Each structure stands twice: as structure tokens, then as C-alpha cells.
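K.L.:
So here's structure-v3.cif (mmCIF, C-alpha atoms).
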```
data_run
#
loop_
_atom_site.label_atom_id
_atom_site.label_comp_id
_atom_site.auth_asym_id
_atom_site.auth_seq_id
_atom_site.Cartn_x
_atom_site.Cartn_y
_atom_site.Cartn_z
CA MET A 1 13.64 -11.60 -34.49
CA GLU A 2 15.33 -11.46 -31.10
CA ALA A 3 13.75 -9.77 -28.06
CA LEU A 4 15.36 -6.64 -26.63
CA LYS A 5 17.74 -7.46 -23.82
CA TYR A 6 17.65 -5.32 -20.70
CA GLU A 7 21.44 -5.38 -20.41
CA ASN A 8 21.73 -3.73 -23.84
CA PHE A 9 20.14 -0.47 -22.63
CA GLN A 10 22.39 2.52 -21.94
CA TYR A 11 22.75 3.36 -18.25
CA TYR A 12 23.83 6.68 -16.85
CA THR A 13 25.41 8.03 -13.68
CA TYR A 14 25.42 11.24 -11.69
CA ASP A 15 28.37 12.50 -13.77
CA ASP A 16 26.25 12.17 -16.93
CA TYR A 17 23.20 13.67 -15.21
CA LYS A 18 25.12 16.83 -14.21
CA GLU A 19 25.84 17.58 -17.88
CA TRP A 20 22.26 17.39 -19.15
CA ASP A 21 20.18 20.43 -20.04
CA ASP A 22 16.61 20.84 -18.80
CA ARG A 23 15.21 18.81 -15.88
CA TRP A 24 15.72 15.08 -15.52
CA GLU A 25 15.54 12.34 -12.93
CA LEU A 26 17.74 9.24 -12.99
CA ILE A 27 16.43 6.02 -11.46
CA ASP A 28 18.63 2.92 -11.55
CA GLY A 29 20.60 4.46 -14.40
CA VAL A 30 17.51 5.15 -16.54
CA PRO A 31 16.79 8.82 -17.38
CA TYR A 32 13.30 10.31 -17.08
CA ALA A 33 12.56 13.70 -18.64
CA MET A 34 10.72 16.18 -16.42
CA ALA A 35 9.00 17.83 -19.36
CA PRO A 36 6.73 19.32 -20.40
CA ALA A 37 6.26 21.82 -17.60
CA ALA A 38 3.49 20.99 -15.15
CA TYR A 39 0.02 22.53 -15.34
CA PRO A 40 -0.51 25.67 -13.24
CA LYS A 41 -2.86 23.76 -10.87
CA HIS A 42 -0.07 21.24 -10.20
CA GLN A 43 2.38 24.03 -9.35
CA SER A 44 -0.20 25.79 -7.18
CA VAL A 45 -0.75 22.61 -5.13
CA VAL A 46 3.03 22.04 -4.83
CA PHE A 47 3.48 25.57 -3.52
CA LYS A 48 0.51 25.40 -1.13
CA ILE A 49 1.43 22.04 0.44
CA GLY A 50 5.02 23.21 0.81
CA LYS A 51 3.74 26.31 2.56
CA GLU A 52 1.41 24.28 4.82
CA LEU A 53 4.15 21.83 5.79
CA ASP A 54 6.62 24.64 6.48
CA LYS A 55 4.18 26.83 8.44
CA ASN A 56 3.31 23.93 10.77
CA LEU A 57 6.79 22.41 11.07
CA LYS A 58 7.96 22.00 14.65
CA CYS A 59 11.41 20.42 14.82
CA SER A 60 14.12 20.66 17.42
CA ASN A 61 16.55 19.65 14.65
CA LYS A 62 17.21 23.03 13.03
CA THR A 63 18.59 21.43 9.85
CA CYS A 64 15.09 20.17 8.96
CA GLU A 65 13.53 22.31 6.23
CA ILE A 66 10.88 21.97 3.55
CA TYR A 67 12.15 22.15 -0.04
CA ILE A 68 10.19 22.49 -3.28
CA SER A 69 11.43 21.05 -6.57
CA PRO A 70 13.73 21.37 -8.31
CA VAL A 71 16.15 20.09 -5.69
CA ASP A 72 18.18 16.91 -6.13
CA TRP A 73 18.16 13.95 -3.78
CA LYS A 74 21.13 11.81 -4.80
CA ILE A 75 20.38 8.32 -3.57
CA SER A 76 23.27 6.65 -5.38
CA GLU A 77 25.56 7.25 -8.35
CA ASN A 78 22.79 6.12 -10.70
CA THR A 79 19.65 7.36 -8.87
CA ILE A 80 18.85 11.05 -8.49
CA VAL A 81 15.26 12.25 -8.01
CA GLN A 82 13.55 15.60 -7.59
CA PRO A 83 10.54 15.19 -5.28
CA ASP A 84 7.89 17.89 -5.71
CA VAL A 85 8.15 18.65 -1.98
CA ALA A 86 10.40 17.06 0.64
CA LEU A 87 11.53 17.59 4.22
CA PHE A 88 15.31 17.27 4.28
CA CYS A 89 17.12 17.17 7.62
CA GLU A 90 20.73 17.77 6.69
CA GLU A 91 23.06 20.64 6.06
CA THR A 92 24.80 20.38 2.73
CA ASN A 93 27.24 22.45 0.77
CA ARG A 94 26.85 20.14 -2.24
CA GLN A 95 24.38 20.56 -5.07
CA PHE A 96 22.23 17.74 -3.69
CA PHE A 97 20.91 16.10 -0.55
CA SER A 98 22.05 12.58 0.26
CA LYS A 99 20.10 11.56 3.39
CA THR A 100 16.63 10.05 3.19
CA PRO A 101 13.95 12.68 3.88
CA PRO A 102 11.30 11.64 6.41
CA LEU A 103 8.50 13.07 4.26
CA VAL A 104 8.05 13.32 0.48
CA VAL A 105 5.13 14.69 -1.56
CA GLU A 106 4.47 14.05 -5.24
CA VAL A 107 1.67 15.92 -6.99
CA LEU A 108 0.48 13.88 -9.95
CA SER A 109 0.59 15.19 -13.50
CA LYS A 110 -0.13 13.43 -16.79
CA ALA A 111 3.58 13.19 -17.60
CA THR A 112 4.71 11.73 -14.24
CA ALA A 113 1.72 9.99 -12.63
CA LEU A 114 2.66 6.42 -13.56
CA LYS A 115 6.24 6.91 -12.36
CA ASP A 116 5.06 8.55 -9.11
CA VAL A 117 2.65 5.75 -8.14
CA THR A 118 4.89 2.84 -9.15
CA THR A 119 8.61 3.50 -9.59
CA LYS A 120 8.96 6.32 -7.06
CA TYR A 121 6.55 4.67 -4.62
CA ASN A 122 8.79 1.57 -4.59
CA LEU A 123 11.97 3.66 -4.47
CA TYR A 124 10.79 5.78 -1.54
CA GLU A 125 9.61 2.66 0.28
CA GLN A 126 13.02 0.99 -0.23
CA GLN A 127 14.87 4.13 0.87
CA GLY A 128 12.88 4.37 4.12
CA VAL A 129 10.89 7.57 3.52
CA LEU A 130 8.56 7.56 6.55
CA TYR A 131 5.63 9.41 4.93
CA TYR A 132 4.80 9.52 1.23
CA ILE A 133 1.92 11.75 0.15
CA ILE A 134 0.54 11.40 -3.37
CA ILE A 135 -1.82 14.20 -4.40
CA GLU A 136 -4.17 14.02 -7.39
CA PRO A 137 -4.94 17.69 -8.07
CA ASN A 138 -7.90 17.15 -10.40
CA THR A 139 -9.88 14.90 -8.02
CA GLU A 140 -8.51 16.81 -5.01
CA LEU A 141 -7.66 13.54 -3.22
CA SER A 142 -4.45 12.80 -1.34
CA ASP A 143 -3.15 9.36 -0.39
CA ILE A 144 -1.10 9.41 2.80
CA PHE A 145 1.22 6.44 3.18
CA LYS A 146 3.34 5.61 6.23
CA LEU A 147 6.23 3.16 6.28
CA VAL A 148 5.37 0.36 8.70
CA ASP A 149 7.73 -2.61 9.01
CA GLY A 150 9.40 -1.68 5.72
CA GLU A 151 6.19 -1.39 3.68
CA TYR A 152 3.84 1.47 2.96
CA GLN A 153 0.42 1.35 4.58
CA LEU A 154 -2.33 3.68 3.36
CA LEU A 155 -3.24 5.70 6.45
CA LYS A 156 -5.78 8.01 4.89
CA LYS A 157 -7.33 9.07 1.62
CA ALA A 158 -7.60 12.74 2.48
CA THR A 159 -10.17 15.07 0.95
CA LYS A 160 -10.21 18.84 1.16
CA GLU A 161 -12.25 18.51 4.37
CA ASP A 162 -9.37 16.76 6.17
CA SER A 163 -6.34 17.72 8.22
CA PHE A 164 -3.53 15.35 9.09
CA GLU A 165 -0.69 15.54 11.60
CA PHE A 166 2.61 13.91 10.67
CA GLU A 167 4.63 12.61 13.63
CA LEU A 168 8.07 12.43 12.03
CA SER A 169 9.98 11.73 15.26
CA ASP A 170 9.80 12.54 18.96
CA GLU A 171 11.15 16.00 18.22
CA CYS A 172 9.65 16.71 14.81
CA GLN A 173 6.11 17.04 13.47
CA THR A 174 4.08 18.98 10.98
CA GLU A 175 0.47 19.19 9.83
CA VAL A 176 -1.50 19.76 6.63
CA ASP A 177 -4.96 21.28 6.33
CA PHE A 178 -5.92 19.87 2.94
CA SER A 179 -8.64 22.53 2.45
CA LYS A 180 -5.82 25.03 1.90
CA LEU A 181 -4.39 23.15 -1.10
CA PHE A 182 -7.22 23.40 -3.64
#
```
Hey, can you dump this file as C-alpha cells for me?

P.N.:
Amino acid sequence: MEALKYENFQYYTYDDYKEWDDRWELIDGVPYAMAPAAYPKHQSVVFKIGKELDKNLKCSNKTCEIYISPVDWKISENTIVQPDVALFCEETNRQFFSKTPPLVVEVLSKATALKDVTTKYNLYEQQGVLYYIIIEPNTELSDIFKLVDGEYQLLKKATKEDSFEFELSDECQTEVDFSKLF
């Protein structure tokens, strides 16, 4: 019996992705279903961190705004992701964003946790996302990573007793009071 060959797998592009029903992500041509729907606690944390980031956002660049999923970030023709929360700093009249956001948040769920801490971690690091926050809603812990010399460094393992200020650039910052998330 012969082993499966990686080159024999079907790969997809943005044109395929646009035709699919339901919610999907596409990473290096491989589709990932965004189902089943997240638990209510997951959605509550997504909403609350989005609200915290937006309320505290101070940017001279008026195109910078906080977005909550589902919103597409098209990285390439074969990679489209939907971060739970992201700060995008671009005006677009397309159905997707194309510039790297300076801050991305993923709230872990049973269906997506492995992808969020491995595949998306590596993808966001490669794409130059300055801050990547991974929130585990059941333990109420948040890992805050910052891109330093092209690699993520864990800055803080935040609990609900912590606050953290994100210096995104000289003219842009925001803050999160983690007690308001849980």
C-alpha cells in the first residue's frame, strides 16, 4: 500500500471559496469549515474584547477600525481567514481586507483551537501581525504575543485581573481590561 501524497490533495482558490455556502477559511489552498457555531461564551468574549479594543482605540489614522468575524482577510489567492477580532487599517470597497492588520484576536473553541494555536499562529507571524491575542474562555486566560524580529514573543499571560496597553504605532494604541471579558 502506497502512502498518501501531499500533491494529490485538492487545492482551492479565492474563486472557489466565494462559491461555498456556510463559513469557511482557506489556508494554503486547504479548506477549513467554521462549523459548528461557537458556544455562547465564545461569542460573548469575542463581542466584549471587540468592544474593549474599540472603546480604547486612539488612532490618528481614521481608516483603523475594529472588526468582528465574519470578515475576510484575503492574504493570497489561496489563503483567506476570518479572525474573531481584528484591527484593519484600510479602506476597502471589496468584500475583503488585503493589508495585514496590526492586531488579531482568536478566541479558542473546541472546533478551532488546534488551528488557532498552530496554523494561524504561524500564518499571522509570517504575515507580520504585530500583536496576536489568544483567549481561552473556559480558563479565562489570554496569551498576548508580540512580533519581535519576525517571531512571536509571549509578553503576558493575562488573567481577568490584568489590563494591557497595545502600542500599535506612534499614532495608534488601544487597551484591554481583561476583567471586562469574562

K.L.:
Measure the distance from atom CA of Asp170 of chain A to atom CA of Lys146 of chain A in Å and round it to one decimal.

P.N.:
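Computing it gives 15.9 Å between the two atoms.
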
K.L.:
Excluding same-chain residues fewer than 4 positions from segment 27-42 of chain A, what lies within 7 Å of it counting only C-alpha atoms, as a list in words?

P.N.:
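Here the qualifying residues turn out to be Tyr11, Tyr12, Thr13, Arg23, Val46, Asn78, Thr79, Ile80, Val107, Ser109 and Pro137 of chain A.
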
K.L.:
The PyMOL selection byres ((chain A and resi 129) around 10) on the file shown: which residues, as a PyMOL selection string?

P.N.:
chain A and resi 86+100-104+121+123-128+130-132+145-147+150+152

K.L.:
Could you list, as an mmCIF file with C-alpha atoms, in the frame of the given file, every residue within 10 Å of Asp162 of chain A, counting only C-alpha atoms and ignoring same-chain residues fewer than 6 positions away?

P.N.:
```cif
data_model
loop_
_atom_site.group_PDB
_atom_site.id
_atom_site.type_symbol
_atom_site.label_atom_id
_atom_site.label_comp_id
_atom_site.auth_asym_id
_atom_site.auth_seq_id
_atom_site.Cartn_x
_atom_site.Cartn_y
_atom_site.Cartn_z
ATOM 1 C CA SER A 142 -4.450 12.800 -1.340
ATOM 2 C CA LYS A 156 -5.780 8.010 4.890
ATOM 3 C CA VAL A 176 -1.500 19.760 6.630
ATOM 4 C CA ASP A 177 -4.960 21.280 6.330
ATOM 5 C CA PHE A 178 -5.920 19.870 2.940
ATOM 6 C CA SER A 179 -8.640 22.530 2.450
ATOM 7 C CA LYS A 180 -5.820 25.030 1.900
#
```

K.L.:
What does the structure give for the distance between atom CA of Thr92 of chain A and atom CA of Tyr67 of chain A, in Å to one decimal?

P.N.:
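Separation between atom CA of Thr92 of chain A and atom CA of Tyr67 of chain A: 13.1 Å.
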
K.L.:
When you draw a straight line from atom CA of Thr112 of chain A to atom CA of Glu140 of chain A, how long is it in Å?

P.N.:
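Here the two named atoms are 16.9 Å from each other.
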
K.L.:
Restricting the calculation to only C-alpha atoms, which member of A:Thr119, A:Ser60, A:Gln173, A:Ser44 is positioned closest to Leu87 of chain A?

P.N.:
A:Gln173

K.L.:
Could you tell me which of A:Gln95, A:Lys18, A:Ser163, A:Val85 comes closest to Ile133 of chain A if we count all atoms listed in the file?

P.N.:
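Using all atoms listed in the file, Ile133 of chain A sits closest to A:Val85.
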
K.L.:
For segment 58-74 of chain A, take all atoms listed in the file, fit an axis-aligned box around them, add 5 Å to each of the six sides, then output centre and edge lengths in Å rounded to one decimal, as lines of an AutoDock Vina configuration file.

P.N.:
```
center_x = 14.5
center_y = 17.4
center_z = 4.6
size_x = 23.2
size_y = 21.2
size_z = 35.7
```

K.L.:
Care to translate the PyMOL selection byres ((chain A and resi 94) around 12) into actual residues of this file, as an NGL selection string?

P.N.:
:A and (71-74 or 90-93 or 95-98)

K.L.:
Using the selection just defined, write its residues with C-alpha atoms as an mmCIF file, in the coordinates of the input.

P.N.:
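Saved result, out-v6.cif, follows:
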```cif
data_model
loop_
_atom_site.group_PDB
_atom_site.id
_atom_site.type_symbol
_atom_site.label_atom_id
_atom_site.label_comp_id
_atom_site.auth_asym_id
_atom_site.auth_seq_id
_atom_site.Cartn_x
_atom_site.Cartn_y
_atom_site.Cartn_z
ATOM 1 C CA VAL A 71 16.150 20.090 -5.690
ATOM 2 C CA ASP A 72 18.180 16.910 -6.130
ATOM 3 C CA TRP A 73 18.160 13.950 -3.780
ATOM 4 C CA LYS A 74 21.130 11.810 -4.800
ATOM 5 C CA GLU A 90 20.730 17.770 6.690
ATOM 6 C CA GLU A 91 23.060 20.640 6.060
ATOM 7 C CA THR A 92 24.800 20.380 2.730
ATOM 8 C CA ASN A 93 27.240 22.450 0.770
ATOM 9 C CA GLN A 95 24.380 20.560 -5.070
ATOM 10 C CA PHE A 96 22.230 17.740 -3.690
ATOM 11 C CA PHE A 97 20.910 16.100 -0.550
ATOM 12 C CA SER A 98 22.050 12.580 0.260
#
```

K.L.:
Pick from A:Cys172, A:Asn138, A:Glu161, A:Leu181: nearest to Phe88 of chain A, with all atoms listed in the file counted?

P.N.:
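Smallest distance to Phe88 of chain A is found for A:Cys172.
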
K.L.:
Report the residues retrieved by the PyMOL selection byres ((chain A and resi 54) around 9) from the displayed file, expressed as number ranges by chain.

P.N.:
A: 49-53, 55-58, 65-67, 87, 174-175

K.L.:
Would you mind exporting C-alpha atoms of the selected residues as a compact mmCIF listing (two decimals), in the frame of the given file?

P.N.:
```
# COMPACT_ATOMS: atom_id res chain seq x y z
CA ILE A 49 1.43 22.04 0.44
CA GLY A 50 5.02 23.21 0.81
CA LYS A 51 3.74 26.31 2.56
CA GLU A 52 1.41 24.28 4.82
CA LEU A 53 4.15 21.83 5.79
CA LYS A 55 4.18 26.83 8.44
CA ASN A 56 3.31 23.93 10.77
CA LEU A 57 6.79 22.41 11.07
CA LYS A 58 7.96 22.00 14.65
CA GLU A 65 13.53 22.31 6.23
CA ILE A 66 10.88 21.97 3.55
CA TYR A 67 12.15 22.15 -0.04
CA LEU A 87 11.53 17.59 4.22
CA THR A 174 4.08 18.98 10.98
CA GLU A 175 0.47 19.19 9.83
```

K.L.:
Between A:Lys160, A:Leu26, A:Gln10, A:Val148, which is the closest to Val45 of chain A once you count all atoms listed in the file?

P.N.:
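Closest residue, counting all atoms listed in the file: A:Lys160.
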